[in-house]
file structure.txt (compact mmCIF, C-alpha atoms)
# COMPACT_ATOMS: atom_id res chain seq x y z
CA MET Z 1 102.96 121.78 120.36
CA THR Z 2 103.69 120.12 123.67
CA THR Z 3 101.26 119.75 126.48
CA ASN Z 4 102.42 120.19 130.04
CA PRO Z 5 101.69 117.17 132.24
CA GLU Z 6 98.92 117.59 134.76
CA PRO Z 7 100.44 118.44 138.12
CA GLY Z 8 100.25 115.53 140.55
CA VAL Z 9 99.77 112.94 137.85
CA ALA Z 10 102.48 110.31 137.98
CA ARG Z 11 104.00 109.24 134.71
CA PRO Z 12 105.46 105.75 134.44
CA MET Z 13 109.24 105.76 134.24
CA MET Z 14 111.74 103.01 133.72
CA LEU Z 15 114.32 103.11 136.47
CA THR Z 16 117.57 101.23 136.52
CA GLN Z 17 118.20 99.16 139.66
CA GLN Z 18 120.82 101.73 140.62
CA GLN Z 19 118.35 104.61 140.32
CA ALA Z 20 115.65 102.71 142.21
CA LEU Z 21 118.08 102.04 145.04
CA TRP Z 22 119.07 105.70 145.13
CA LEU Z 23 115.44 106.78 145.33
CA GLU Z 24 114.79 104.29 148.09
CA LEU Z 25 117.77 105.30 150.19
CA MET Z 26 117.83 109.07 149.89
CA PRO Z 27 114.64 109.41 151.99
CA PHE Z 28 116.28 107.11 154.57
CA TYR Z 29 119.13 109.58 154.95
CA THR Z 30 116.84 112.61 154.87
CA ARG Z 31 114.76 111.07 157.64
CA GLU Z 32 117.85 110.28 159.66
CA ALA Z 33 118.97 113.91 159.39
CA TRP Z 34 115.58 115.16 160.61
CA LEU Z 35 115.58 112.70 163.52
CA LEU Z 36 118.96 114.05 164.65
CA ASP Z 37 118.10 117.71 164.16
CA GLU Z 38 114.74 117.29 165.92
CA ARG Z 39 116.54 115.48 168.76
CA ARG Z 40 114.56 112.26 168.37
CA PHE Z 41 117.61 110.24 169.33
CA ARG Z 42 115.84 107.10 170.51
CA GLN Z 43 114.16 106.79 167.12
CA TRP Z 44 117.52 107.49 165.52
CA LEU Z 45 118.98 104.52 167.46
CA ASP Z 46 116.41 102.27 165.81
CA LEU Z 47 118.09 102.95 162.46
CA PHE Z 48 121.05 100.81 163.57
CA THR Z 49 121.36 97.02 163.77
CA ASP Z 50 122.16 95.44 167.13
CA ASP Z 51 125.61 94.46 165.87
CA VAL Z 52 126.45 97.92 164.53
CA LEU Z 53 129.96 99.33 164.52
CA TYR Z 54 129.88 103.14 164.61
CA PHE Z 55 133.41 104.13 163.80
CA MET Z 56 135.28 107.39 163.33
CA PRO Z 57 139.02 107.02 162.79
CA ARG Z 58 141.45 109.87 163.31
CA ARG Z 59 142.65 111.61 160.18
CA LYS Z 60 146.31 112.38 160.04
CA ASN Z 61 148.17 115.16 158.30
CA VAL Z 62 150.74 113.24 156.25
CA PRO Z 63 152.80 113.85 153.09
CA ARG Z 64 151.27 112.58 149.84
CA ARG Z 65 153.71 109.69 149.56
CA GLU Z 66 152.51 108.46 152.96
CA SER Z 67 148.82 108.81 152.21
CA HIS Z 68 148.28 105.16 153.21
CA ARG Z 69 148.79 106.37 156.80
CA GLU Z 70 146.19 109.14 156.51
CA MET Z 71 143.41 107.21 158.23
CA THR Z 72 144.04 105.31 161.43
CA PRO Z 73 142.99 101.67 161.09
CA LEU Z 74 140.45 99.91 163.26
CA GLY Z 75 142.37 98.90 166.38
CA ASP Z 76 144.23 102.20 166.74
CA LEU Z 77 142.92 104.98 169.01
CA ALA Z 78 139.76 106.28 167.37
CA ILE Z 79 137.36 109.15 167.98
CA PHE Z 80 134.37 106.80 167.90
CA GLU Z 81 134.43 103.00 168.01
CA GLU Z 82 131.02 102.25 169.40
CA ASP Z 83 128.78 99.24 169.55
CA LYS Z 84 125.02 99.48 170.03
CA ARG Z 85 125.23 99.55 173.81
CA TYR Z 86 127.68 102.45 173.78
CA LEU Z 87 125.44 104.36 171.38
CA GLU Z 88 122.49 103.66 173.69
CA MET Z 89 124.53 104.93 176.63
CA ARG Z 90 125.33 108.14 174.76
CA VAL Z 91 121.67 108.71 174.04
CA ALA Z 92 120.59 107.84 177.61
CA ARG Z 93 123.04 110.32 179.11
CA LEU Z 94 121.46 113.16 177.12
CA ASP Z 95 118.34 112.69 179.25
CA SER Z 96 120.31 112.68 182.51
CA GLY Z 97 120.38 116.47 182.76
CA MET Z 98 124.09 116.23 183.58
CA ALA Z 99 125.52 115.82 180.10
CA TRP Z 100 126.92 119.35 180.12
CA ALA Z 101 128.25 119.28 176.57
CA GLU Z 102 124.62 118.94 175.49
CA GLU Z 103 122.91 120.87 178.29
CA PRO Z 104 121.36 123.07 176.97
CA ALA Z 105 121.03 121.00 173.83
CA SER Z 106 122.96 121.87 170.69
CA ARG Z 107 121.06 123.27 167.74
CA THR Z 108 122.18 121.21 164.76
CA ARG Z 109 121.55 121.01 161.05
CA HIS Z 110 122.61 117.89 159.20
CA LEU Z 111 122.88 118.35 155.44
CA ILE Z 112 123.42 114.94 153.81
CA GLY Z 113 124.09 114.52 150.12
CA ASN Z 114 126.27 113.07 147.37
CA LEU Z 115 124.69 109.66 147.91
CA GLU Z 116 126.15 106.73 146.03
CA ALA Z 117 124.76 103.27 146.64
CA GLU Z 118 126.10 99.90 145.58
CA LEU Z 119 124.21 96.64 145.96
CA LEU Z 120 126.50 93.90 147.24
CA GLU Z 121 126.22 90.19 146.50
CA SER Z 122 125.28 89.61 150.13
CA GLY Z 123 122.12 91.66 149.56
CA GLU Z 124 123.52 94.42 151.75
CA VAL Z 125 124.13 97.85 150.35
CA ARG Z 126 127.25 99.97 150.64
CA THR Z 127 126.63 103.69 150.54
CA LYS Z 128 128.72 106.81 150.61
CA THR Z 129 127.32 110.15 151.68
CA ALA Z 130 128.87 113.54 152.32
CA PHE Z 131 127.77 115.78 155.15
CA LEU Z 132 127.94 119.33 156.37
CA VAL Z 133 126.80 119.59 159.96
CA TYR Z 134 126.34 122.95 161.62
CA ARG Z 135 126.19 123.07 165.41
CA SER Z 136 125.28 126.07 167.50
CA HIS Z 137 125.70 125.77 171.26
CA LEU Z 138 125.14 128.04 174.27
CA GLU Z 139 125.07 131.71 173.33
CA THR Z 140 127.87 132.05 170.84
CA ASP Z 141 129.67 128.72 170.30
CA HIS Z 142 129.38 127.22 166.86
CA GLN Z 143 131.12 124.72 164.67
CA LEU Z 144 130.97 123.37 161.15
CA LEU Z 145 131.79 119.72 160.61
CA SER Z 146 132.48 118.51 157.11
CA GLY Z 147 133.17 114.94 156.08
CA CYS Z 148 131.87 111.74 154.57
CA ARG Z 149 130.30 108.52 155.76
CA GLU Z 150 130.49 105.03 154.40
CA ASP Z 151 127.65 102.80 155.55
CA LEU Z 152 126.81 99.15 155.24
CA LEU Z 153 123.00 98.92 155.13
CA ARG Z 154 120.99 95.80 155.79
CA LYS Z 155 117.30 95.36 155.00
CA THR Z 156 115.33 94.09 157.99
CA ASP Z 157 111.66 93.68 158.88
CA GLY Z 158 111.89 97.20 160.25
CA GLY Z 159 113.30 98.63 157.01
CA TRP Z 160 116.87 99.58 156.20
CA LYS Z 161 119.31 99.64 159.09
CA VAL Z 162 122.93 100.69 159.36
CA ALA Z 163 125.14 97.71 160.27
CA ARG Z 164 128.40 99.58 160.00
CA ARG Z 165 129.18 103.27 159.71
CA THR Z 166 132.60 104.80 159.11
CA ILE Z 167 132.70 108.56 159.52
CA VAL Z 168 135.66 110.50 158.19
CA LEU Z 169 136.04 114.15 159.08
CA ASP Z 170 137.86 116.45 156.70
CA ALA Z 171 139.62 118.11 159.63
CA ASN Z 172 142.92 116.85 160.97
CA VAL Z 173 142.87 118.44 164.44
CA LEU Z 174 139.35 119.00 165.71
CA LEU Z 175 139.37 122.74 166.36
CA ASP Z 176 136.13 122.70 168.31
CA LYS Z 177 135.69 122.38 172.04
CA ASN Z 178 134.33 118.85 171.75
CA LEU Z 179 132.37 116.49 169.57
CA SER Z 180 129.06 115.80 171.25
CA VAL Z 181 126.72 115.50 168.28
CA PHE Z 182 125.99 112.41 166.20
CA LEU Z 183 127.06 112.24 162.57
CA MET M 1 130.62 96.95 175.73
CA HIS M 2 134.15 97.83 176.70
CA GLY M 3 136.29 99.21 179.50
CA VAL M 4 135.59 97.52 182.82
CA SER M 5 132.11 96.07 182.50
CA ASP M 6 130.31 92.93 183.59
CA GLU M 7 131.49 91.27 180.40
CA THR M 8 135.14 92.23 180.67
CA PHE M 9 135.55 92.15 184.45
CA LYS M 10 136.97 88.62 184.36
CA LEU M 11 139.63 89.70 181.83
CA PHE M 12 140.82 92.37 184.26
CA GLN M 13 140.64 90.03 187.23
CA ASP M 14 142.56 87.21 185.49
CA TYR M 15 145.26 89.64 184.38
CA HIS M 16 145.50 91.08 187.89
CA ASN M 17 145.90 87.61 189.39
CA ALA M 18 148.31 86.41 186.72
CA THR M 19 150.66 89.38 187.09
CA MET M 20 150.47 89.74 190.88
CA PRO M 21 153.58 87.58 191.63
CA GLU M 22 155.70 89.74 189.30
CA VAL M 23 154.19 92.96 190.69
CA GLU M 24 154.92 91.81 194.25
CA ARG M 25 158.48 90.90 193.31
CA ARG M 26 159.06 94.39 191.92
CA LEU M 27 157.06 96.53 194.34
CA GLY M 28 156.85 94.45 197.49
CA THR M 29 153.61 93.18 199.01
CA PHE M 30 152.59 96.48 200.55
CA ARG M 31 152.74 98.55 197.36
CA ALA M 32 151.40 95.71 195.23
CA ARG M 33 148.37 94.95 197.37
CA ARG M 34 147.58 98.03 199.44
CA VAL M 35 148.19 101.01 197.19
CA GLN M 36 145.43 101.37 194.63
CA LEU M 37 145.21 104.13 192.11
CA GLY M 38 141.75 105.56 191.62
CA ASN M 39 141.65 109.32 191.35
CA HIS M 40 145.38 109.75 191.15
CA SER M 41 147.45 112.69 190.06
CA ILE M 42 151.15 113.24 189.52
CA PHE M 43 152.44 116.77 189.96
CA PRO M 44 152.21 118.88 187.87
CA ASN M 45 150.22 117.31 185.05
CA GLY M 46 148.58 114.02 185.76
CA ILE M 47 145.01 114.59 186.80
CA LEU M 48 142.49 111.75 186.83
CA GLY M 49 144.72 109.75 184.54
CA PHE M 50 147.96 110.14 182.69
CA ARG M 51 147.60 113.51 181.01
CA LEU M 52 149.62 116.45 179.88
CA ALA M 53 148.26 119.99 180.09
CA LEU M 54 150.31 122.32 177.89
CA PRO M 55 149.81 126.07 178.40
CA ARG M 56 149.42 127.58 174.92
CA GLY M 57 149.09 131.24 175.88
CA PRO M 58 146.50 133.24 177.81
CA MET M 59 143.22 131.32 178.19
CA LYS M 60 144.51 128.45 176.05
CA THR M 61 145.47 124.97 177.16
CA GLU M 62 146.27 122.00 174.99
CA PHE M 63 145.32 118.77 176.63
CA TRP M 64 146.85 115.38 175.94
CA HIS M 65 145.47 112.17 177.30
CA PHE M 66 147.53 109.00 177.18
CA VAL M 67 146.33 105.42 177.24
CA LEU M 68 148.84 103.13 178.91
CA LEU M 69 148.89 99.50 177.86
CA ASP M 70 151.07 96.67 179.07
CA ARG M 71 152.91 95.27 176.05
CA GLY M 72 152.52 91.80 177.51
CA ALA M 73 148.80 92.05 178.29
CA PRO M 74 146.36 89.82 176.38
CA GLU M 75 145.08 91.51 173.22
CA GLU M 76 141.47 91.28 174.35
CA LEU M 77 142.31 93.14 177.56
CA SER M 78 144.28 95.82 175.73
CA ARG M 79 141.32 96.32 173.43
CA ALA M 80 138.92 96.71 176.37
CA ILE M 81 141.22 99.29 178.00
CA ARG M 82 141.76 101.21 174.74
CA ILE M 83 138.08 101.37 173.83
CA GLY M 84 137.02 102.23 177.37
CA SER M 85 139.56 105.03 177.53
CA GLN M 86 138.81 106.52 174.12
CA ALA M 87 135.05 106.37 174.72
CA ASN M 88 135.48 108.41 177.90
CA ASN M 89 138.46 110.66 177.32
CA GLY M 90 138.71 111.58 173.64
CA ALA M 91 137.30 114.73 172.02
CA ALA M 92 134.00 112.89 171.79
CA GLY M 93 134.54 111.11 175.12
CA MET M 94 131.56 110.77 177.39
CA PHE M 95 133.39 112.46 180.29
CA GLU M 96 135.70 114.70 178.34
CA GLN M 97 133.09 116.42 176.18
CA ASP M 98 131.36 117.63 179.34
CA ASP M 99 134.57 118.55 181.15
CA VAL M 100 135.78 120.79 178.34
CA ASP M 101 132.59 122.85 178.56
CA ASN M 102 132.85 122.95 182.36
CA TRP M 103 136.50 124.00 182.45
CA ARG M 104 136.10 126.56 179.71
CA GLN M 105 133.14 128.16 181.44
CA VAL M 106 134.87 128.15 184.83
CA THR M 107 137.84 129.90 183.23
CA GLU M 108 135.65 132.45 181.48
CA ALA M 109 133.55 133.13 184.56
CA SER M 110 136.61 133.56 186.78
CA SER M 111 138.06 136.24 184.50
CA SER M 112 135.30 138.73 185.28
CA ARG M 113 136.08 141.88 187.28
CA PHE M 114 134.24 140.68 190.37
CA ALA M 115 135.38 137.08 190.21
CA ARG M 116 138.99 138.24 190.09
CA GLN M 117 138.57 139.98 193.44
CA LEU M 118 137.60 136.74 195.18
CA PRO M 119 140.07 134.10 196.29
CA GLN M 120 139.35 130.57 195.14
CA ASP M 121 137.74 128.54 197.91
CA LEU M 122 139.62 125.28 198.33
CA SER M 123 138.78 124.73 201.98
CA MET M 124 136.94 121.43 201.79
CA GLY M 125 138.36 118.99 204.31
CA VAL M 126 140.72 121.46 206.05
CA GLY M 127 141.94 119.90 209.29
CA HIS M 128 141.16 116.38 208.14
CA ALA M 129 144.56 115.45 206.73
CA GLY M 130 147.75 114.47 208.53
CA PRO M 131 150.58 112.02 208.64
CA HIS M 132 149.69 108.37 208.17
CA PRO M 133 151.57 105.39 209.58
CA ASP M 134 151.60 103.55 206.24
CA TYR M 135 151.78 106.31 203.61
CA PRO M 136 154.17 109.24 203.07
CA GLY M 137 153.02 112.86 202.96
CA LEU M 138 149.75 114.36 204.14
CA VAL M 139 146.93 111.85 203.91
CA SER M 140 143.30 112.91 203.97
CA GLU M 141 140.98 110.87 206.15
CA ARG M 142 138.20 111.50 203.64
CA TYR M 143 137.90 110.30 200.09
CA ILE M 144 136.41 113.59 198.92
CA SER M 145 138.33 116.69 199.94
CA GLU M 146 140.39 119.52 198.46
CA ASN M 147 143.52 118.34 200.20
CA ASN M 148 145.00 117.42 196.82
CA GLN M 149 144.26 120.82 195.29
CA ARG M 150 145.72 122.72 198.26
CA LEU M 151 148.93 120.73 198.15
CA PHE M 152 149.07 121.03 194.36
CA TYR M 153 148.98 124.85 194.48
CA GLN M 154 151.36 125.03 197.44
CA ARG M 155 153.85 122.99 195.46
CA TRP M 156 153.22 124.99 192.31
CA GLU M 157 153.89 128.20 194.25
CA GLN M 158 157.24 126.80 195.39
CA PHE M 159 158.14 126.03 191.78
CA MET M 160 157.05 129.44 190.50
CA ASN M 161 158.88 131.40 193.19
CA ALA M 162 162.13 129.46 193.09
CA GLU M 163 165.17 131.19 191.57
CA ASN M 164 166.55 127.87 190.40
CA TRP M 165 165.90 124.13 190.69
CA ALA M 166 168.13 123.82 193.76
CA ASP M 167 165.85 126.22 195.66
CA ILE M 168 162.84 123.95 195.34
CA PRO M 169 162.62 122.07 198.63
CA LEU M 170 162.49 118.30 198.52
CA ASP M 171 161.30 116.27 201.49
CA PRO M 172 163.47 113.30 202.38
CA VAL M 173 162.03 110.16 200.82
CA MET M 174 160.46 108.21 203.69
CA ALA M 175 158.34 105.81 201.66
CA ARG M 176 158.82 102.10 202.05
CA PHE M 177 160.42 100.52 199.03
CA ASP M 178 160.23 96.76 199.24
CA GLY M 179 160.84 94.75 196.12
CA THR M 180 163.28 95.47 193.32
CA ALA M 181 161.76 98.78 192.06
CA THR M 182 162.96 101.60 194.26
CA MET M 183 163.55 105.33 194.00
CA GLN M 184 167.15 104.73 195.04
CA GLY M 185 168.23 103.73 191.55
call {"tool": "encode", "arguments": {"input": "structure.txt", "output": "C-alpha cells"}}
result
Amino acid sequence: MTTNPEPGVARPMMLTQQQALWLELMPFYTREAWLLDERRFRQWLDLFTDDVLYFMPRRKNVPRRESHREMTPLGDLAIFEEDKRYLEMRVARLDSGMAWAEEPASRTRHLIGNLEAELLESGEVRTKTAFLVYRSHLETDHQLLSGCREDLLRKTDGGWKVARRTIVLDANVLLDKNLSVFL
Amino acid sequence: MHGVSDETFKLFQDYHNATMPEVERRLGTFRARRVQLGNHSIFPNGILGFRLALPRGPMKTEFWHFVLLDRGAPEELSRAIRIGSQANNGAAGMFEQDDVDNWRQVTEASSSRFARQLPQDLSMGVGHAGPHPDYPGLVSERYISENNQRLFYQRWEQFMNAENWADIPLDPVMARFDGTATMQG
C-alpha cells in the first residue's frame, strides 16, 4: 500500500545541473511574458544588459539547397537590430501618447515554452525558447506571431539578464500591418 | 545608437566634407551646397525617402522602402545609415509602424458614404508659392504647406487623363546644371 505525500510538503529530489538550470530559468521567461502582457515595459527593460543586442533577422523563402541563405546575417537589413538605447527609446515612445501603432495599446499574450538551456564555459547560458504571441489591436485587428528566440543570458547582481537575443519568426513576409510589440 | 546621433554626427560630417570636392565637380557649387534634401519626393513614388508604392488592387498597397548607400562610404557610416533607416522605416520601424495604422485608418474612414461626398482639403498654403529666382517650378515660401500635394495630384491627373505618353505636357528644363552631371545627357 502506498501513501500519498502530504500536500505542500517538499520532498528532497536530486536534480541534474541541466534540470536545475531549467527550473531556474523557466520562471525568468514566465515573468518576462507577464511583464510584457501587463505592459510593464520599463521593468521588462531591466531584464537586458546594457550591452544587449536585440536582433531579428529577415527570414527568406528559399529552396532547400539554398537553406544557408534562409536567415539574413547580422549586417544585412534586419527587422530589429537594437542596442539598449534604441530599446529604451521604443519604450519611452509608448508613453508619448503619439505612438499610434500602440495607441490604444495592443492586448497581447506571450506564450513561451520549449525551453532548452546550455551552460557555457564562460558562465553564460545559451537558451532557446519558442513563442506564440497573440496580439489584438483596435476593434478588430489581430495577429498571431510564431517563432523562436535564442538568448545569451548573463548572471548579474540583479539576477539573470539577456545579453543577446535573436528572434526568428516563422513567417517569411509579415502579413500584419506592423510589428509594434516586443518578442 | 545609430542613424544621425551625437555619437555618429562626426562620421556624417567627415564624409560630407571629404566628398564635397567630387560632389561640386559633378553638380556644380549651387546644387552641391544650396540644394538640401529633407522632406523630398520624386513623382510619382518617392515620399519622405526613396520608396515605391505598388497598387495591389482596391484598398491594397504594397510599400517598398529602399536604403541607399554609397559603395565608397566608410563601413561605419554605412552601418549607421542602415541601422537608422531600418529602425525607423521597416515593418517594426518607429515611424513606419505608426504610419501604417494612420494611412490604413485614413483610407478606411474616407471610404464611408459621407466621406466620399466631401472633397479632400489640400488648401494649406494656397497663394504662398510662386516662381523662385534660384529654383525651377513653383516654390513654397513656407516649409509646411500642401503645395507639394496639390502639384502631385495635378500631375497625376495629367498622367491619368493622357491618351498616350506624348500627350503628357513637359515643361522646358530651366534648371541650372553646372558641373558634369546634367539632364542633357
call {"tool": "interface_residues", "arguments": {"input": "structure.txt", "of": "chain M", "to": "chain Z", "cutoff": "8 Å", "atoms": "all atoms listed in the file", "output": "list of chain:residue names"}}
result
M:Met1, M:Arg79, M:Arg82, M:Ile83, M:Gln86, M:Ala87, M:Gly90, M:Ala91, M:Ala92, M:Gly93, M:Met94, M:Glu96, M:Gln97, M:Asp98, M:Asp99, M:Val100, M:Asp101, M:Asn102
call {"tool": "residues_around", "arguments": {"input": "structure.txt", "residues": "range 126-141 of chain Z", "least_positions_apart": "4", "cutoff": "6 Å", "atoms": "all atoms listed in the file", "output": "mmCIF file with C-alpha atoms, in the frame of the given file"}}
result
data_model
loop_
_atom_site.group_PDB
_atom_site.id
_atom_site.type_symbol
_atom_site.label_atom_id
_atom_site.label_comp_id
_atom_site.auth_asym_id
_atom_site.auth_seq_id
_atom_site.Cartn_x
_atom_site.Cartn_y
_atom_site.Cartn_z
ATOM 1 C CA SER Z 106 122.960 121.870 170.690
ATOM 2 C CA ARG Z 107 121.060 123.270 167.740
ATOM 3 C CA THR Z 108 122.180 121.210 164.760
ATOM 4 C CA ARG Z 109 121.550 121.010 161.050
ATOM 5 C CA HIS Z 110 122.610 117.890 159.200
ATOM 6 C CA LEU Z 111 122.880 118.350 155.440
ATOM 7 C CA ILE Z 112 123.420 114.940 153.810
ATOM 8 C CA GLY Z 113 124.090 114.520 150.120
ATOM 9 C CA ASN Z 114 126.270 113.070 147.370
ATOM 10 C CA LEU Z 115 124.690 109.660 147.910
ATOM 11 C CA GLU Z 116 126.150 106.730 146.030
ATOM 12 C CA ALA Z 117 124.760 103.270 146.640
ATOM 13 C CA GLU Z 118 126.100 99.900 145.580
ATOM 14 C CA LEU Z 145 131.790 119.720 160.610
ATOM 15 C CA SER Z 146 132.480 118.510 157.110
ATOM 16 C CA GLY Z 147 133.170 114.940 156.080
ATOM 17 C CA CYS Z 148 131.870 111.740 154.570
ATOM 18 C CA ARG Z 149 130.300 108.520 155.760
ATOM 19 C CA GLU Z 150 130.490 105.030 154.400
ATOM 20 C CA ASP Z 151 127.650 102.800 155.550
ATOM 21 C CA LEU Z 152 126.810 99.150 155.240
#
call {"tool": "atom_distance", "arguments": {"input": "structure.txt", "atom1": "CA of Leu47 in chain Z", "atom2": "CA of Val162 in chain Z"}}
result
6.2 Å
call {"tool": "residues_around", "arguments": {"input": "structure.txt", "residues": "Gly158 in chain Z", "least_positions_apart": "2", "cutoff": "9 Å", "atoms": "all atoms listed in the file", "output": "PDB file with C-alpha atoms, keeping the file's coordinate frame"}}
result
ATOM      1  CA  ASP Z  46     116.410 102.270 165.810  1.00  0.00           C
ATOM      2  CA  LEU Z  47     118.090 102.950 162.460  1.00  0.00           C
ATOM      3  CA  LYS Z 155     117.300  95.360 155.000  1.00  0.00           C
ATOM      4  CA  THR Z 156     115.330  94.090 157.990  1.00  0.00           C
ATOM      5  CA  TRP Z 160     116.870  99.580 156.200  1.00  0.00           C
ATOM      6  CA  LYS Z 161     119.310  99.640 159.090  1.00  0.00           C
TER       7      LYS Z 161
END
call {"tool": "residues_near_point", "arguments": {"input": "structure.txt", "point": "(146.3, 123.3, 181.3)", "cutoff": "12 Å", "atoms": "all atoms listed in the file", "output": "number ranges by chain"}}
result
M: 44-47, 51-65, 100, 103-104, 107
call {"tool": "closest_residue", "arguments": {"input": "structure.txt", "among": "Z:Leu94, Z:Leu53, Z:Leu144, Z:Leu87", "to": "Thr166 in chain Z", "atoms": "only C-alpha atoms"}}
result
Z:Leu53
call {"tool": "residues_around", "arguments": {"input": "structure.txt", "residues": "Ile168 in chain M", "least_positions_apart": "4", "cutoff": "7 Å", "atoms": "only C-alpha atoms", "output": "ChimeraX atom specification"}}
result
/M:158-159,162
call {"tool": "atom_distance", "arguments": {"input": "structure.txt", "atom1": "CA of Leu77 in chain M", "atom2": "CA of Pro73 in chain Z"}}
result
18.6 Å
call {"tool": "closest_residue", "arguments": {"input": "structure.txt", "among": "Z:Arg31, Z:Arg39, Z:Arg58, Z:Arg65", "to": "Ile167 in chain Z", "atoms": "only C-alpha atoms"}}
result
Z:Arg58
call {"tool": "closest_residue", "arguments": {"input": "structure.txt", "among": "M:Met160, M:Leu27, M:Val126, M:Ala115", "to": "Ser145 in chain M", "atoms": "all atoms listed in the file"}}
result
M:Val126
call {"tool": "atom_distance", "arguments": {"input": "structure.txt", "atom1": "CA of Pro136 in chain M", "atom2": "CA of Ala175 in chain M"}}
result
5.6 Å
call {"tool": "closest_residue", "arguments": {"input": "structure.txt", "among": "M:Asn88, M:Thr182, M:Tyr153, M:Glu76", "to": "Phe43 in chain M", "atoms": "all atoms listed in the file"}}
result
M:Tyr153
call {"tool": "closest_residue", "arguments": {"input": "structure.txt", "among": "Z:Met56, Z:Leu153, Z:Ala163, Z:Leu119", "to": "Ala20 in chain Z", "atoms": "only C-alpha atoms"}}
result
Z:Leu119
call {"tool": "axis_aligned_box", "arguments": {"input": "structure.txt", "around": "range 120-134 of chain M", "padding_each_side": "4 Å", "output": "JSON"}}
result
{"center_x": 144.3, "center_y": 117.1, "center_z": 202.4, "size_x": 22.7, "size_y": 35.0, "size_z": 22.4}
call {"tool": "closest_residue", "arguments": {"input": "structure.txt", "among": "M:Pro169, M:Pro131, M:Pro21, M:Pro119", "to": "Arg33 in chain M", "atoms": "only C-alpha atoms"}}
result
M:Pro21
call {"tool": "build_atoms", "arguments": {"input": "structure.txt", "residues": "range 157-174 of chain M", "atoms": "N, CA and C atoms", "output": "PDB file, keeping the file's coordinate frame"}}
result
ATOM      1  N   GLU M 157     153.372 126.915 193.796  1.00  0.00           N
ATOM      2  CA  GLU M 157     153.890 128.200 194.250  1.00  0.00           C
ATOM      3  C   GLU M 157     155.402 128.103 194.509  1.00  0.00           C
ATOM      4  N   GLN M 158     155.811 127.001 195.134  1.00  0.00           N
ATOM      5  CA  GLN M 158     157.240 126.800 195.390  1.00  0.00           C
ATOM      6  C   GLN M 158     158.024 126.762 194.078  1.00  0.00           C
ATOM      7  N   PHE M 159     157.476 126.099 193.082  1.00  0.00           N
ATOM      8  CA  PHE M 159     158.140 126.030 191.780  1.00  0.00           C
ATOM      9  C   PHE M 159     158.228 127.410 191.127  1.00  0.00           C
ATOM     10  N   MET M 160     157.108 128.142 191.175  1.00  0.00           N
ATOM     11  CA  MET M 160     157.050 129.440 190.500  1.00  0.00           C
ATOM     12  C   MET M 160     157.970 130.468 191.152  1.00  0.00           C
ATOM     13  N   ASN M 161     158.110 130.386 192.478  1.00  0.00           N
ATOM     14  CA  ASN M 161     158.880 131.400 193.190  1.00  0.00           C
ATOM     15  C   ASN M 161     160.367 131.057 193.318  1.00  0.00           C
ATOM     16  N   ALA M 162     160.727 129.865 192.927  1.00  0.00           N
ATOM     17  CA  ALA M 162     162.130 129.460 193.090  1.00  0.00           C
ATOM     18  C   ALA M 162     163.019 130.157 192.061  1.00  0.00           C
ATOM     19  N   GLU M 163     164.213 130.564 192.493  1.00  0.00           N
ATOM     20  CA  GLU M 163     165.170 131.190 191.570  1.00  0.00           C
ATOM     21  C   GLU M 163     165.787 130.136 190.651  1.00  0.00           C
ATOM     22  N   ASN M 164     165.981 128.961 191.190  1.00  0.00           N
ATOM     23  CA  ASN M 164     166.550 127.870 190.400  1.00  0.00           C
ATOM     24  C   ASN M 164     166.087 126.542 190.979  1.00  0.00           C
ATOM     25  N   TRP M 165     166.404 125.457 190.269  1.00  0.00           N
ATOM     26  CA  TRP M 165     165.900 124.130 190.690  1.00  0.00           C
ATOM     27  C   TRP M 165     166.353 123.777 192.101  1.00  0.00           C
ATOM     28  N   ALA M 166     167.587 124.203 192.458  1.00  0.00           N
ATOM     29  CA  ALA M 166     168.130 123.820 193.760  1.00  0.00           C
ATOM     30  C   ALA M 166     167.330 124.444 194.906  1.00  0.00           C
ATOM     31  N   ASP M 167     166.622 125.554 194.608  1.00  0.00           N
ATOM     32  CA  ASP M 167     165.850 126.220 195.660  1.00  0.00           C
ATOM     33  C   ASP M 167     164.518 125.542 195.960  1.00  0.00           C
ATOM     34  N   ILE M 168     164.124 124.622 195.109  1.00  0.00           N
ATOM     35  CA  ILE M 168     162.840 123.950 195.340  1.00  0.00           C
ATOM     36  C   ILE M 168     163.043 122.873 196.396  1.00  0.00           C
ATOM     37  N   PRO M 169     162.367 123.013 197.544  1.00  0.00           N
ATOM     38  CA  PRO M 169     162.620 122.070 198.630  1.00  0.00           C
ATOM     39  C   PRO M 169     162.125 120.660 198.293  1.00  0.00           C
ATOM     40  N   LEU M 170     162.883 119.698 198.714  1.00  0.00           N
ATOM     41  CA  LEU M 170     162.490 118.300 198.520  1.00  0.00           C
ATOM     42  C   LEU M 170     162.478 117.611 199.882  1.00  0.00           C
ATOM     43  N   ASP M 171     161.355 117.024 200.229  1.00  0.00           N
ATOM     44  CA  ASP M 171     161.300 116.270 201.490  1.00  0.00           C
ATOM     45  C   ASP M 171     162.162 115.018 201.346  1.00  0.00           C
ATOM     46  N   PRO M 172     162.757 114.583 202.461  1.00  0.00           N
ATOM     47  CA  PRO M 172     163.470 113.300 202.380  1.00  0.00           C
ATOM     48  C   PRO M 172     162.470 112.193 202.031  1.00  0.00           C
ATOM     49  N   VAL M 173     162.908 111.247 201.213  1.00  0.00           N
ATOM     50  CA  VAL M 173     162.030 110.160 200.820  1.00  0.00           C
ATOM     51  C   VAL M 173     161.890 109.169 201.968  1.00  0.00           C
ATOM     52  N   MET M 174     160.680 109.080 202.528  1.00  0.00           N
ATOM     53  CA  MET M 174     160.460 108.210 203.690  1.00  0.00           C
ATOM     54  C   MET M 174     159.648 106.969 203.309  1.00  0.00           C
TER      55      MET M 174
END
